[in-house]
$ cat structure-v1.txt   # compact mmCIF, C-alpha atoms
# COMPACT_ATOMS: atom_id res chain seq x y z
CA MET A 19 21.44 -90.45 183.37
CA ASN A 20 21.15 -92.43 180.14
CA PRO A 21 23.66 -95.26 179.64
CA PRO A 22 26.54 -94.47 177.28
CA SER A 23 26.04 -95.40 173.66
CA LEU A 24 28.01 -98.46 172.60
CA PRO A 25 30.86 -97.67 170.19
CA THR A 26 31.19 -99.72 167.04
CA PRO A 27 33.03 -102.95 167.97
CA ILE A 28 36.71 -102.88 166.99
CA PRO A 29 37.78 -106.18 165.35
CA ALA A 30 40.72 -107.94 167.01
CA ASP A 31 42.78 -107.81 163.80
CA THR A 32 42.75 -104.01 163.64
CA PRO A 33 44.93 -101.59 165.67
CA MET A 34 43.92 -100.97 169.26
CA PRO A 35 42.38 -97.50 169.74
CA HIS A 36 44.39 -95.05 171.83
CA ARG A 37 43.70 -95.24 175.54
CA LYS A 38 42.20 -91.74 175.48
CA VAL A 39 39.64 -92.91 172.93
CA ILE A 40 38.70 -95.93 175.03
CA ARG A 41 38.44 -93.81 178.16
CA GLY A 42 36.17 -91.47 176.24
CA TRP A 43 33.70 -94.33 175.84
CA LEU A 44 33.65 -94.73 179.64
CA THR A 45 33.47 -91.06 180.62
CA PRO A 46 29.67 -91.10 181.22
CA LEU A 47 30.23 -93.91 183.75
CA ALA A 48 32.77 -91.96 185.81
CA GLN A 49 30.13 -89.91 187.66
CA ARG A 50 30.63 -90.35 191.42
CA GLN A 51 27.92 -90.14 194.08
CA THR A 52 28.66 -88.93 197.60
CA VAL A 53 25.57 -90.25 199.40
CA LEU A 54 25.77 -93.71 197.86
CA ALA A 55 29.48 -93.91 198.68
CA ILE A 56 28.96 -92.98 202.34
CA VAL A 57 26.04 -95.41 202.69
CA LEU A 58 28.10 -98.29 201.24
CA LEU A 59 30.92 -97.60 203.67
CA ALA A 60 28.57 -97.24 206.65
CA VAL A 61 26.79 -100.52 205.86
CA ASP A 62 30.06 -102.42 205.56
CA LEU A 63 31.37 -100.92 208.81
CA VAL A 64 28.21 -101.95 210.67
CA ILE A 65 28.39 -105.51 209.34
CA TYR A 66 32.09 -105.69 210.19
CA ALA A 67 31.42 -104.47 213.74
CA ALA A 68 28.57 -106.94 214.20
CA LEU A 69 30.73 -109.85 213.07
CA MET A 70 33.57 -108.75 215.34
CA ALA A 71 31.08 -108.67 218.21
CA GLY A 72 30.10 -112.21 217.27
CA THR A 73 33.69 -113.43 217.69
CA ILE A 74 33.58 -111.98 221.22
CA LEU A 75 30.09 -112.79 222.43
CA PHE A 76 29.21 -116.18 220.93
CA GLU A 77 30.16 -119.18 223.03
CA ALA A 78 30.17 -121.94 220.39
CA TRP A 79 33.58 -122.28 218.75
CA TRP A 80 32.08 -122.82 215.30
CA ALA A 81 29.99 -119.64 215.55
CA ARG A 82 33.04 -117.63 216.58
CA LEU A 83 35.09 -119.17 213.77
CA LEU A 84 32.42 -118.38 211.17
CA CYS A 85 32.18 -114.81 212.44
CA GLY A 86 35.96 -114.49 212.25
CA LEU A 87 36.07 -115.74 208.66
CA ALA A 88 33.19 -113.48 207.62
CA CYS A 89 34.88 -110.59 209.43
CA GLY A 90 37.99 -111.18 207.32
CA PHE A 91 35.85 -111.01 204.19
CA MET A 92 34.36 -107.72 205.37
CA ILE A 93 37.87 -106.35 205.92
CA GLY A 94 38.40 -107.15 202.23
CA ARG A 95 35.22 -105.33 201.23
CA LEU A 96 36.21 -102.29 203.29
CA PHE A 97 39.67 -102.36 201.75
CA ILE A 98 38.14 -102.29 198.25
CA ILE A 99 36.23 -99.16 199.26
CA GLY A 100 39.47 -97.64 200.58
CA HIS A 101 41.17 -98.63 197.32
CA ASP A 102 38.53 -96.68 195.38
CA ALA A 103 38.87 -93.67 197.68
CA CYS A 104 42.65 -93.80 197.24
CA HIS A 105 42.10 -93.56 193.47
CA GLN A 106 39.85 -90.51 194.05
CA SER A 107 37.06 -92.43 192.32
CA TYR A 108 34.78 -93.02 195.30
CA THR A 109 33.19 -89.57 195.75
CA PRO A 110 33.63 -86.27 193.83
CA HIS A 111 35.45 -84.73 196.82
CA ARG A 112 39.22 -85.21 197.20
CA ALA A 113 39.45 -84.41 200.90
CA LEU A 114 36.46 -86.61 201.70
CA ASN A 115 37.98 -89.46 199.70
CA ARG A 116 41.18 -89.21 201.73
CA TRP A 117 39.27 -89.41 205.02
CA LEU A 118 36.93 -92.20 203.90
CA GLY A 119 39.88 -94.13 202.49
CA ARG A 120 41.79 -93.93 205.75
CA VAL A 121 38.73 -95.11 207.71
CA ALA A 122 38.09 -97.99 205.29
CA PHE A 123 41.77 -99.04 205.47
CA LEU A 124 41.87 -99.20 209.29
CA PRO A 125 40.55 -102.79 209.69
CA SER A 126 43.22 -104.09 207.27
CA LEU A 127 45.92 -102.05 209.07
CA THR A 128 46.88 -100.45 205.75
CA PRO A 129 48.77 -97.12 205.75
CA TYR A 130 46.85 -94.99 203.23
CA SER A 131 49.69 -92.91 201.78
CA LEU A 132 52.06 -95.85 201.33
CA TRP A 133 49.41 -97.84 199.52
CA GLU A 134 48.66 -94.80 197.37
CA VAL A 135 52.25 -94.58 196.14
CA GLY A 136 52.81 -98.30 195.63
CA HIS A 137 49.48 -98.94 193.97
CA ASN A 138 48.46 -95.78 192.12
CA VAL A 139 51.88 -94.65 190.96
CA VAL A 140 53.85 -97.88 190.54
CA HIS A 141 51.33 -100.64 189.84
CA HIS A 142 48.87 -98.64 187.73
CA GLY A 143 51.53 -96.55 186.11
CA TYR A 144 53.63 -99.53 185.00
CA THR A 145 51.42 -102.63 185.18
CA ASN A 146 53.42 -105.82 184.50
CA LEU A 147 56.63 -103.96 183.62
CA LYS A 148 59.46 -105.96 185.16
CA GLY A 149 61.71 -103.93 187.42
CA VAL A 150 59.02 -101.36 188.19
CA ASP A 151 55.75 -103.12 189.02
CA PHE A 152 56.55 -105.39 191.96
CA VAL A 153 53.11 -106.98 192.52
CA TRP A 154 53.47 -110.74 191.88
CA ALA A 155 56.29 -109.94 189.45
CA PRO A 156 57.63 -113.29 188.11
CA LEU A 157 61.29 -114.19 188.25
CA THR A 158 63.27 -115.45 185.29
CA LYS A 159 64.94 -118.87 185.42
CA ALA A 160 68.34 -117.23 185.95
CA GLU A 161 67.01 -115.06 188.79
CA PHE A 162 65.35 -118.03 190.47
CA ASP A 163 68.50 -120.17 190.22
CA ALA A 164 70.57 -117.37 191.78
CA LEU A 165 68.44 -117.31 194.96
CA SER A 166 69.45 -118.96 198.20
CA PRO A 167 67.89 -122.38 198.86
CA GLY A 168 65.59 -120.90 201.48
CA ARG A 169 64.38 -118.14 199.20
CA ARG A 170 63.78 -120.61 196.35
CA LEU A 171 61.65 -122.67 198.73
CA LEU A 172 59.65 -119.56 199.66
CA GLU A 173 59.12 -118.66 195.99
CA ARG A 174 57.88 -122.20 195.32
CA PHE A 175 55.38 -121.81 198.15
CA TYR A 176 54.21 -118.40 196.95
CA ARG A 177 53.58 -119.82 193.44
CA SER A 178 52.00 -123.09 194.64
CA GLY A 179 48.44 -121.77 194.78
CA PHE A 180 48.47 -122.01 198.59
CA GLY A 181 50.70 -119.00 199.21
CA PRO A 182 48.66 -115.82 198.62
CA ALA A 183 48.20 -115.05 202.33
CA ALA A 184 51.92 -115.42 203.06
CA TYR A 185 52.87 -113.50 199.91
CA TYR A 186 50.71 -110.49 200.70
CA PHE A 187 51.57 -110.45 204.40
CA ILE A 188 55.34 -110.68 203.85
CA GLU A 189 56.05 -109.12 200.46
CA MET A 190 53.41 -106.42 200.40
CA TRP A 191 52.30 -105.47 203.91
CA TRP A 192 55.26 -106.23 206.16
CA LEU A 193 58.08 -105.21 203.80
CA ARG A 194 56.47 -102.40 201.83
CA MET A 195 53.80 -100.82 204.04
CA PHE A 196 54.50 -101.41 207.71
CA PHE A 197 57.33 -98.91 208.29
CA PRO A 198 59.35 -100.05 205.21
CA ASN A 199 63.11 -99.59 205.14
CA LYS A 200 64.96 -97.66 202.44
CA GLN A 201 65.31 -100.75 200.24
CA TYR A 202 61.54 -100.79 199.71
CA MET A 203 60.69 -97.11 200.15
CA ALA A 204 63.53 -94.63 199.68
CA SER A 205 61.36 -91.60 200.46
CA ARG A 206 60.67 -90.67 204.09
CA ARG A 207 57.60 -88.45 203.89
CA ALA A 208 55.99 -87.36 207.13
CA GLU A 209 52.62 -88.70 205.99
CA PHE A 210 54.14 -92.17 205.52
CA VAL A 211 55.22 -92.22 209.15
CA ARG A 212 51.93 -90.71 210.32
CA ASP A 213 49.81 -93.25 208.46
CA GLY A 214 52.06 -96.06 209.66
CA VAL A 215 51.57 -94.94 213.25
CA VAL A 216 47.79 -94.76 212.74
CA SER A 217 47.78 -98.34 211.41
CA ALA A 218 49.97 -99.56 214.28
CA VAL A 219 47.73 -97.86 216.84
CA ALA A 220 44.65 -99.38 215.19
CA GLY A 221 46.22 -102.82 215.50
CA ALA A 222 47.12 -102.22 219.14
CA VAL A 223 43.58 -101.03 219.93
CA TRP A 224 42.13 -104.06 218.12
CA ILE A 225 44.30 -106.53 220.05
CA GLY A 226 43.96 -104.65 223.32
CA GLY A 227 40.18 -104.53 223.01
CA LEU A 228 40.03 -108.29 222.48
CA VAL A 229 42.23 -108.92 225.51
CA ALA A 230 40.05 -106.63 227.63
CA ALA A 231 36.91 -108.40 226.38
CA ALA A 232 38.38 -111.81 227.24
CA LEU A 233 39.22 -110.70 230.79
CA ALA A 234 35.81 -109.06 231.28
CA LEU A 235 33.95 -112.17 230.06
CA ASP A 236 36.30 -114.61 231.80
CA ARG A 237 37.24 -116.18 228.44
CA SER A 238 40.56 -117.50 227.17
CA VAL A 239 42.70 -114.59 225.96
CA TRP A 240 44.38 -116.79 223.34
CA ALA A 241 41.06 -118.04 221.98
CA MET A 242 39.72 -114.49 221.87
CA LEU A 243 42.76 -113.31 219.93
CA GLY A 244 42.54 -116.32 217.64
CA TYR A 245 38.90 -115.86 216.66
CA GLY A 246 38.86 -112.06 216.79
CA PHE A 247 42.25 -111.17 215.30
CA VAL A 248 44.21 -114.07 213.79
CA VAL A 249 41.36 -115.64 211.81
CA PRO A 250 40.09 -112.35 210.29
CA PHE A 251 43.60 -111.07 209.54
CA VAL A 252 44.75 -114.32 207.93
CA PHE A 253 41.55 -114.53 205.85
CA TRP A 254 41.99 -110.91 204.74
CA ASN A 255 45.59 -111.53 203.67
CA ALA A 256 44.57 -114.66 201.76
CA MET A 257 41.73 -112.76 200.09
CA ILE A 258 43.80 -109.80 198.92
CA GLY A 259 46.75 -112.01 197.96
CA PHE A 260 44.42 -114.13 195.83
CA VAL A 261 42.75 -111.09 194.26
CA VAL A 262 45.94 -109.35 193.17
CA TYR A 263 47.35 -112.68 191.90
CA VAL A 264 44.42 -113.53 189.63
CA HIS A 265 44.11 -109.94 188.40
CA HIS A 266 47.40 -110.13 186.52
CA THR A 267 48.46 -113.79 186.40
CA HIS A 268 47.11 -115.89 183.55
CA THR A 269 48.65 -117.94 180.76
CA SER A 270 47.39 -115.26 178.33
CA VAL A 271 48.80 -112.35 180.35
CA GLN A 272 52.16 -110.96 179.30
CA TRP A 273 54.97 -109.46 181.37
CA HIS A 274 57.56 -107.16 179.80
CA ASP A 275 61.11 -106.07 180.58
CA ASP A 276 61.34 -103.48 177.78
CA LYS A 277 59.47 -100.24 178.43
CA VAL A 278 59.06 -99.41 174.72
CA LEU A 279 57.59 -102.80 173.85
CA TRP A 280 55.51 -102.72 177.02
CA GLY A 281 53.95 -99.44 175.85
CA LYS A 282 53.14 -100.94 172.44
CA ALA A 283 51.32 -103.88 174.08
CA ALA A 284 48.40 -101.73 175.36
CA PRO A 285 49.14 -102.88 178.94
CA PHE A 286 45.99 -101.29 180.36
CA VAL A 287 44.08 -104.03 178.49
CA SER A 288 46.52 -106.87 177.79
CA THR A 289 47.85 -107.33 181.34
CA THR A 290 44.55 -107.60 183.22
CA VAL A 291 41.99 -110.36 183.73
CA HIS A 292 38.22 -110.16 184.19
CA LEU A 293 37.53 -113.10 186.47
CA THR A 294 33.85 -114.11 186.61
CA PHE A 295 32.14 -116.04 189.40
CA PRO A 296 28.82 -117.86 189.93
CA MET A 297 26.17 -116.68 192.39
CA LYS A 298 27.12 -112.99 192.09
CA ILE A 299 30.23 -113.52 194.19
CA GLY A 300 31.91 -110.78 192.12
CA ALA A 301 29.27 -108.31 193.29
CA LEU A 302 29.97 -109.28 196.92
CA MET A 303 33.55 -108.14 196.30
CA HIS A 304 32.34 -104.71 195.15
CA HIS A 305 33.06 -105.63 191.48
CA ILE A 306 36.83 -105.45 191.95
CA MET A 307 37.10 -108.38 189.53
CA GLU A 308 35.83 -106.23 186.64
CA HIS A 309 39.44 -105.28 186.49
CA THR A 310 40.05 -104.29 182.87
CA ALA A 311 37.69 -101.34 183.17
CA HIS A 312 39.43 -100.27 186.37
CA HIS A 313 42.85 -100.24 184.66
CA VAL A 314 41.55 -98.44 181.59
CA ASP A 315 40.05 -95.68 183.74
CA MET A 316 40.78 -95.52 187.48
CA SER A 317 38.20 -92.75 187.93
CA ILE A 318 35.26 -95.14 187.47
CA PRO A 319 33.72 -95.85 190.91
CA LEU A 320 33.26 -99.45 192.05
CA TYR A 321 29.47 -99.11 191.83
CA LYS A 322 29.76 -98.53 188.05
CA LEU A 323 32.49 -100.99 187.12
CA LYS A 324 30.11 -103.71 185.99
CA GLY A 325 28.62 -101.51 183.27
CA ALA A 326 32.04 -100.22 182.22
CA GLN A 327 33.45 -103.73 181.91
CA SER A 328 30.47 -104.86 179.83
CA LEU A 329 30.89 -101.92 177.47
CA LEU A 330 34.59 -102.67 176.97
CA GLU A 331 34.01 -106.33 176.24
CA GLN A 332 31.40 -105.48 173.62
CA ALA A 333 33.53 -102.76 172.06
CA LEU A 334 36.80 -104.76 172.04
CA PRO A 335 35.76 -108.34 171.23
CA GLY A 336 38.57 -110.88 171.52
CA ARG A 337 41.03 -108.49 173.17
CA ILE A 338 40.03 -108.70 176.83
CA ILE A 339 40.92 -111.75 178.91
CA VAL A 340 37.71 -113.07 180.47
CA GLN A 341 38.11 -116.15 182.66
CA ARG A 342 35.40 -118.05 184.50
CA PHE A 343 36.72 -118.99 187.92
CA SER A 344 37.11 -122.57 189.06
CA TRP A 345 39.55 -124.15 191.47
CA ARG A 346 40.71 -126.39 188.63
CA TRP A 347 41.61 -123.31 186.56
CA TYR A 348 43.25 -121.59 189.52
CA PHE A 349 45.57 -124.45 190.44
CA ASP A 350 46.36 -125.12 186.78
CA THR A 351 47.41 -121.47 186.48
CA ALA A 352 49.53 -121.79 189.62
CA ARG A 353 51.14 -124.91 188.13
CA ARG A 354 51.95 -123.26 184.82
CA CYS A 355 52.77 -119.67 185.82
CA LYS A 356 55.92 -120.09 187.90
CA LEU A 357 58.56 -118.06 186.06
CA TYR A 358 58.56 -115.87 182.95
CA ASP A 359 60.86 -116.05 179.94
CA PHE A 360 61.13 -112.51 178.55
CA THR A 361 63.09 -113.69 175.50
CA ARG A 362 60.55 -116.29 174.40
CA ARG A 363 57.65 -114.20 175.85
CA CYS A 364 56.01 -117.08 177.70
CA TRP A 365 55.43 -118.53 181.15
CA THR A 366 57.58 -121.45 182.31
CA ASP A 367 57.82 -123.87 185.22
CA PHE A 368 60.70 -123.77 187.70
CA GLN A 369 62.78 -125.89 185.32
CA GLY A 370 62.38 -123.29 182.56
CA ARG A 371 60.05 -125.43 180.45
CA GLN A 372 57.47 -123.48 178.42
CA THR A 373 53.96 -123.71 179.90
CA SER A 374 52.03 -121.12 177.87
CA ASP A 375 51.71 -119.97 174.29
CA ILE A 376 54.38 -117.58 173.04
CA ALA A 377 53.10 -114.01 172.93
CA PRO A 378 53.25 -112.19 169.58
CA ALA A 379 56.39 -110.16 168.98
CA LEU A 380 56.02 -106.39 169.04
CA GLY A 381 58.32 -104.27 166.92
$ encode --input "structure-v1.txt" --output "structure tokens"
Amino acid sequence: MNPPSLPTPIPADTPMPHRKVIRGWLTPLAQRQTVLAIVLLAVDLVIYAALMAGTILFEAWWARLLCGLACGFMIGRLFIIGHDACHQSYTPHRALNRWLGRVAFLPSLTPYSLWEVGHNVVHHGYTNLKGVDFVWAPLTKAEFDALSPGRRLLERFYRSGFGPAAYYFIEMWWLRMFFPNKQYMASRRAEFVRDGVVSAVAGAVWIGGLVAAALALDRSVWAMLGYGFVVPFVFWNAMIGFVVYVHHTHTSVQWHDDKVLWGKAAPFVSTTVHLTFPMKIGALMHHIMEHTAHHVDMSIPLYKLKGAQSLLEQALPGRIIVQRFSWRWYFDTARRCKLYDFTRRCWTDFQGRQTSDIAPALG
């Protein structure tokens, strides 16, 4: 298929085209391929299984540790595939997407249907709208001051740059996906319970298999669980916590507490970041960092996001936040993006001092 023709670039000082127009530019890139999708999943599953075997069979501690870390990264890659399948953008077949998504989500112990509601409906439907989108939603100074001392300490840790693993594990997985209570999920659908049970059983099989392997090989059970479960699961949580943080946290990214003004801000473009990496690291993460294109059109498969993101950045010069990754940038962002002032429309530190430019007023 020929690549889509590039639309005439829209200057930054002219009105943003309607989302339907922008999605029309990307329509030729939304063609999904069943064989390619299945091959990508199969390859990642084989690599994941081989690395898990390495945590069991290698004797050197450093080899087992490296396998555990790499296994955690592969859990992240598999999750990204499941994320695509959950969006129905992985293959052209809805039922197949649901099955592939559930398989890809197993290593991360993610209940498919709960993720589908929280991510597809809430996060994508209301990205960076305070009170609806809960993913890394910043507190105001008044909200932060009203917290208990312990909770303020936890919020400081989450926003320190060192807290993504704890944030995702506690705030996303434990509270909102692993059998959530009514405070976090009022609905009690049968599929929520079923997918939760599947994830719990997968975790039990994972841990039980490692214990059985340790006994069969006359190895330490605790070491086996550490290399084969704790290290991969902690790495995975740190990876996904980091990814969702940098997708929507930046000194140029706005949050909103007014739905009307939020709608006028073209949130599908203005609230997302395209984070670039050296050495094709972005490709190793299945192009999940080409995130503007994903929010503009969720139907674009991961294997076509790179082209879609490039087209958007050429067609909308100056409107898309593109950030080259560095640890200096990351920790500077963590230092500056603590709380959000919705009146002044800027990020602040925990003392309420402005740390970013004031966003333009929308009327």
$ closest_residue --input "structure-v1.txt" --among "A:Leu132, A:Ile338, A:Val262, A:Val248" --to "A:His292" --atoms "all atoms listed in the file"
A:Ile338
$ closest_residue --input "structure-v1.txt" --among "A:Phe260, A:Phe286, A:Phe368, A:Phe253" --to "A:Gly179" --atoms "only C-alpha atoms"
A:Phe260
$ closest_residue --input "structure-v1.txt" --among "A:Thr128, A:Gln332, A:Thr158, A:Thr145" --to "A:Val271" --atoms "all atoms listed in the file"
A:Thr145
$ residues_around --input "structure-v1.txt" --residues "A:Ile339" --least-positions-apart "2" --cutoff "8 Å" --atoms "all atoms listed in the file" --output "PDB file with C-alpha atoms, in the coordinates of the input"
ATOM      1  CA  SER A 270      47.390-115.260 178.330  1.00  0.00           C
ATOM      2  CA  SER A 288      46.520-106.870 177.790  1.00  0.00           C
ATOM      3  CA  THR A 290      44.550-107.600 183.220  1.00  0.00           C
ATOM      4  CA  VAL A 291      41.990-110.360 183.730  1.00  0.00           C
ATOM      5  CA  HIS A 292      38.220-110.160 184.190  1.00  0.00           C
ATOM      6  CA  GLY A 336      38.570-110.880 171.520  1.00  0.00           C
ATOM      7  CA  ARG A 337      41.030-108.490 173.170  1.00  0.00           C
ATOM      8  CA  GLN A 341      38.110-116.150 182.660  1.00  0.00           C
TER       9      GLN A 341
END
$ closest_residue --input "structure-v1.txt" --among "A:Ile99, A:Ala379, A:Val340, A:Val314" --to "A:Leu279" --atoms "all atoms listed in the file"
A:Ala379
$ closest_atom_pairs --input "structure-v1.txt" --of "stretch 247-303 of chain A" --to "stretch 28-34 of chain A" --cutoff "12 Å" --atoms "only C-alpha atoms" --output "CSV"
residue,atom,partner,partner_atom,distance
A:Lys282,CA,A:Met34,CA,9.8
A:Ala283,CA,A:Met34,CA,9.3
A:Ala284,CA,A:Met34,CA,7.6
A:Pro285,CA,A:Met34,CA,11.2
A:Phe286,CA,A:Met34,CA,11.3
A:Val287,CA,A:Met34,CA,9.7
A:Ser288,CA,A:Met34,CA,10.7
$ residues_near_point --input "structure-v1.txt" --point "(36.5, -95.7, 188.5)" --cutoff "12 Å" --atoms "only C-alpha atoms" --output "short mmCIF file (atom, residue, chain, number, x, y, z; two decimals) with C-alpha atoms, in the frame of the given file"
data_model
loop_
_atom_site.label_atom_id
_atom_site.label_comp_id
_atom_site.auth_asym_id
_atom_site.auth_seq_id
_atom_site.Cartn_x
_atom_site.Cartn_y
_atom_site.Cartn_z
CA ARG A 41 38.44 -93.81 178.16
CA LEU A 44 33.65 -94.73 179.64
CA THR A 45 33.47 -91.06 180.62
CA PRO A 46 29.67 -91.10 181.22
CA LEU A 47 30.23 -93.91 183.75
CA ALA A 48 32.77 -91.96 185.81
CA GLN A 49 30.13 -89.91 187.66
CA ARG A 50 30.63 -90.35 191.42
CA GLN A 51 27.92 -90.14 194.08
CA ILE A 98 38.14 -102.29 198.25
CA ILE A 99 36.23 -99.16 199.26
CA HIS A 101 41.17 -98.63 197.32
CA ASP A 102 38.53 -96.68 195.38
CA ALA A 103 38.87 -93.67 197.68
CA CYS A 104 42.65 -93.80 197.24
CA HIS A 105 42.10 -93.56 193.47
CA GLN A 106 39.85 -90.51 194.05
CA SER A 107 37.06 -92.43 192.32
CA TYR A 108 34.78 -93.02 195.30
CA THR A 109 33.19 -89.57 195.75
CA PRO A 110 33.63 -86.27 193.83
CA HIS A 304 32.34 -104.71 195.15
CA HIS A 305 33.06 -105.63 191.48
CA ILE A 306 36.83 -105.45 191.95
CA GLU A 308 35.83 -106.23 186.64
CA HIS A 309 39.44 -105.28 186.49
CA THR A 310 40.05 -104.29 182.87
CA ALA A 311 37.69 -101.34 183.17
CA HIS A 312 39.43 -100.27 186.37
CA HIS A 313 42.85 -100.24 184.66
CA VAL A 314 41.55 -98.44 181.59
CA ASP A 315 40.05 -95.68 183.74
CA MET A 316 40.78 -95.52 187.48
CA SER A 317 38.20 -92.75 187.93
CA ILE A 318 35.26 -95.14 187.47
CA PRO A 319 33.72 -95.85 190.91
CA LEU A 320 33.26 -99.45 192.05
CA TYR A 321 29.47 -99.11 191.83
CA LYS A 322 29.76 -98.53 188.05
CA LEU A 323 32.49 -100.99 187.12
CA LYS A 324 30.11 -103.71 185.99
CA GLY A 325 28.62 -101.51 183.27
CA ALA A 326 32.04 -100.22 182.22
CA GLN A 327 33.45 -103.73 181.91
#
$ closest_residue --input "structure-v1.txt" --among "A:Leu118, A:Phe76, A:Gly149, A:Val261" --to "A:Gly300" --atoms "all atoms listed in the file"
A:Val261
$ residues_around --input "structure-v1.txt" --residues "stretch 214-221 of chain A" --least-positions-apart "5" --cutoff "8 Å" --atoms "all atoms listed in the file" --output "ChimeraX atom specification"
/A:124-125,127-129,195-197
$ atom_distance --input "structure-v1.txt" --atom1 "atom CA of A:Phe247" --atom2 "atom CA of A:Gly72"
12.4 Å
$ atom_distance --input "structure-v1.txt" --atom1 "atom CA of A:Arg82" --atom2 "atom CA of A:Arg237"
12.7 Å
$ axis_aligned_box --input "structure-v1.txt" --around "stretch 247-260 of chain A" --padding-each-side "5 Å" --output "lines of an AutoDock Vina configuration file"
center_x = 43.4
center_y = -112.7
center_z = 205.6
size_x = 16.7
size_y = 15.8
size_z = 29.5
$ residues_around --input "structure-v1.txt" --residues "stretch 346-360 of chain A" --least-positions-apart "2" --cutoff "6 Å" --atoms "all atoms listed in the file" --output "PDB file with C-alpha atoms, keeping the file's coordinate frame"
ATOM      1  CA  PRO A 156      57.630-113.290 188.110  1.00  0.00           C
ATOM      2  CA  LEU A 157      61.290-114.190 188.250  1.00  0.00           C
ATOM      3  CA  THR A 158      63.270-115.450 185.290  1.00  0.00           C
ATOM      4  CA  ARG A 177      53.580-119.820 193.440  1.00  0.00           C
ATOM      5  CA  SER A 178      52.000-123.090 194.640  1.00  0.00           C
ATOM      6  CA  GLY A 179      48.440-121.770 194.780  1.00  0.00           C
ATOM      7  CA  SER A 344      37.110-122.570 189.060  1.00  0.00           C
ATOM      8  CA  ARG A 362      60.550-116.290 174.400  1.00  0.00           C
ATOM      9  CA  ARG A 363      57.650-114.200 175.850  1.00  0.00           C
ATOM     10  CA  CYS A 364      56.010-117.080 177.700  1.00  0.00           C
ATOM     11  CA  TRP A 365      55.430-118.530 181.150  1.00  0.00           C
ATOM     12  CA  THR A 366      57.580-121.450 182.310  1.00  0.00           C
ATOM     13  CA  ASP A 367      57.820-123.870 185.220  1.00  0.00           C
ATOM     14  CA  THR A 373      53.960-123.710 179.900  1.00  0.00           C
TER      15      THR A 373
END
$ residues_near_point --input "structure-v1.txt" --point "(36.5, -110.4, 212.0)" --cutoff "12 Å" --atoms "only C-alpha atoms" --output "ChimeraX atom specification"
/A:63-74,81-96,125-126,224-225,228,242-254
$ closest_residue --input "structure-v1.txt" --among "A:Phe152, A:Ala241, A:Asn255, A:Tyr185" --to "A:Val139" --atoms "all atoms listed in the file"
A:Phe152
$ atom_distance --input "structure-v1.txt" --atom1 "atom CA of A:Ser131" --atom2 "atom CA of A:Ala256"
22.3 Å
$ residues_around --input "structure-v1.txt" --residues "A:Arg342" --least-positions-apart "3" --cutoff "8 Å" --atoms "only C-alpha atoms" --output "PDB file with C-alpha atoms, in the coordinates of the input"
ATOM      1  CA  LEU A 293      37.530-113.100 186.470  1.00  0.00           C
ATOM      2  CA  THR A 294      33.850-114.110 186.610  1.00  0.00           C
ATOM      3  CA  PHE A 295      32.140-116.040 189.400  1.00  0.00           C
TER       4      PHE A 295
END
